[in-house]
Amino acid sequence: MATNALTPSGRSLLKAELHVHIEGAAHPDLVRKLAARHGTNLDEIMRDDGTYIWSDFTTFLQCYDRVAAVITTPEDYADLTEDYLLRNAAEGCFYTEFFLSPDHVALLGMSYDNLLEGVTEGLRRAKEICAKDGFPIDARFIVTCLRHMGPEPAIEVARRVAARPHPLVTGFGMGGDERMHSQLAFKPAFEIAHDAGLACTTHAGEFGGPESVRDALDHLPVTRIGHGVRSHEDPELMKRLADEGILLEVCPHSNVALGLYETLSDHPIEKLMAASIRTTVSSDDPPFFATSIGKEYDALQALKGWDNSVMEAFTERALEAAFIDEASRAGLLSRLTKGD
Ligand code: ADE
Ligand code: ZN
């Protein structure tokens with residue numbers, strides 16, 4: 001577990017995480033447990049030390065799919081959701097937004113309804129445990145389409161979500177291989193989701209350059225961008241992001257692990273902040289990148305020498321941009337202000 005920066009009262013800084021892919025959050029110990037449950041062989045996915053086997057973005061996405069293939073039932077998803085939320089809570093994270101991918105579970109013959117059944121049960125269990133421990137938590141779900149599957153399957157996903165409103169499914173997004181298709185191609189899918197009342201975000205400016213972020217801002221109804229870090233290559237785009245109040249879901253260790261930047265010191269988060277762009281910190285696919293939400297906060301704080309108020313401002317911006325109803329947002333923000 002990460003060592004956490006502590007407040008003067010001795011508790012962990014309160015954290016909020018907006019960008020984590022549910023299958024990418026699967027801790028190796030949990031994956032081993034699920035593999036034993038289903039008799040799955042993990043030799044090609046995981047080394048003996050629990051690290052996942054991949055070497056670049058393409059093989060990362062392949063490994064991700066193979067890990068996802070071990071998570072096959074609603075009970076598996078309940079266990080995964082509970083496990084991750086308890087890990088986050090142990091690091092002071094009291095609000096999490098998960099990306100759910102109906103396309104992944106469909107490959108395993110699981111329905112969207114079964115996926116929701118699993119993750120909502122996991123959230124219920126985690127909330128109960130955390131409430132008993134005196135550290136209440138909450139979470140919401142963002143349904144994603146996969147960019148490399150193309151615009152037509154994305155429309156199917158958006159239609160399915162729009163047809164089954166769920167109080168905990170509050171957002172729509174897109175992950176997958178940014179080197180394929182354009183953001184514009186997914187406009188019909190995003191419009192279906194947006195018209196159904198879902199807030200939107202998309203991965204952009206990770207493996208695509210600034211033009212991918214501009215493509216998203218020009219054509220998709222997004223208020224947040226997943227990553228967006230390559231915007232720093234274009235000063236005009238940085239000004240636009242700041243002027244439009246677009247929030248970036250920055251995942252520093254993911255960007256380093258996937259080779260965008262050599263080290264954390266080379267990461268542009270500080271440049272983006274200096275350009276008045278709203279930034280938050282998340283872990284993306286934590287065990288794949290040897291990270292956690294606690295490590296993201298701690299490593300940045302240690303590297304930059306920022307005080308706790310700078311770190312808590314990441315949490316505040318995350319809550320302000322969270323895909324959550326206003327009453328719940330107010331409750332979370334007031335807890336952050338009170339510091340409990
Ligand atoms: N799916 C899981 N992690 C991702 C990432 N970093 N970029 C795009 N799609 C993803
Ligand atoms: Zn991501």
# chains A, B, ... in the order shown; residues from 1 in each chain; ligands from 1
$ closest_atom_pairs --of "chain A" --to "ligand 2" --cutoff "7 Å" --atoms "only C-alpha atoms and all ligand atoms" --output "CSV"
residue,atom,partner,partner_atom_place_in_ligand_line,distance
A:His19,CA,ligand 2,1 (Zn),6.2
A:Val20,CA,ligand 2,1 (Zn),6.3
A:His21,CA,ligand 2,1 (Zn),6.2
A:Gly175,CA,ligand 2,1 (Zn),6.1
A:His203,CA,ligand 2,1 (Zn),6.6
A:Gly226,CA,ligand 2,1 (Zn),6.3
A:Asp284,CA,ligand 2,1 (Zn),4.8
$ residues_around --residues "Phe141 (chain A)" --least-positions-apart "5" --cutoff "12 Å" --atoms "only C-alpha atoms" --output "VMD selection string"
chain A and resid 17 to 22 81 95 to 102 115 to 116 119 to 120 123 161 165 to 173 198 to 200 322 to 324
$ select_by_dssp --residues "region 139-170 of chain A" --states "strand (DSSP E)" --output "PyMOL selection string"
chain A and resi 139-146+169-170
$ residues_near_ligand --ligand "ligand 1" --cutoff "10 Å" --atoms "only C-alpha atoms and all ligand atoms" --output "number ranges by chain"
A: 19-25, 57, 60-61, 64-65, 99, 101, 144-148, 174-179, 202-207, 226-227, 251, 254-255, 257-258, 283-286, 288-289
$ closest_residue --among "A:Pro74, A:Gly92, A:Pro28, A:Gly208" --to "Lys295 (chain A)" --atoms "only C-alpha atoms"
A:Gly92
$ select_by_dssp --residues "region 153-259 of chain A" --states "alpha helix (DSSP H)" --output "PyMOL selection string"
chain A and resi 153-163+187-195+210-219+235-244+252-257
$ closest_residue --among "A:Asp29, A:Glu44, A:Glu236, A:Glu296" --to "Gln62 (chain A)" --atoms "only C-alpha atoms"
A:Glu44
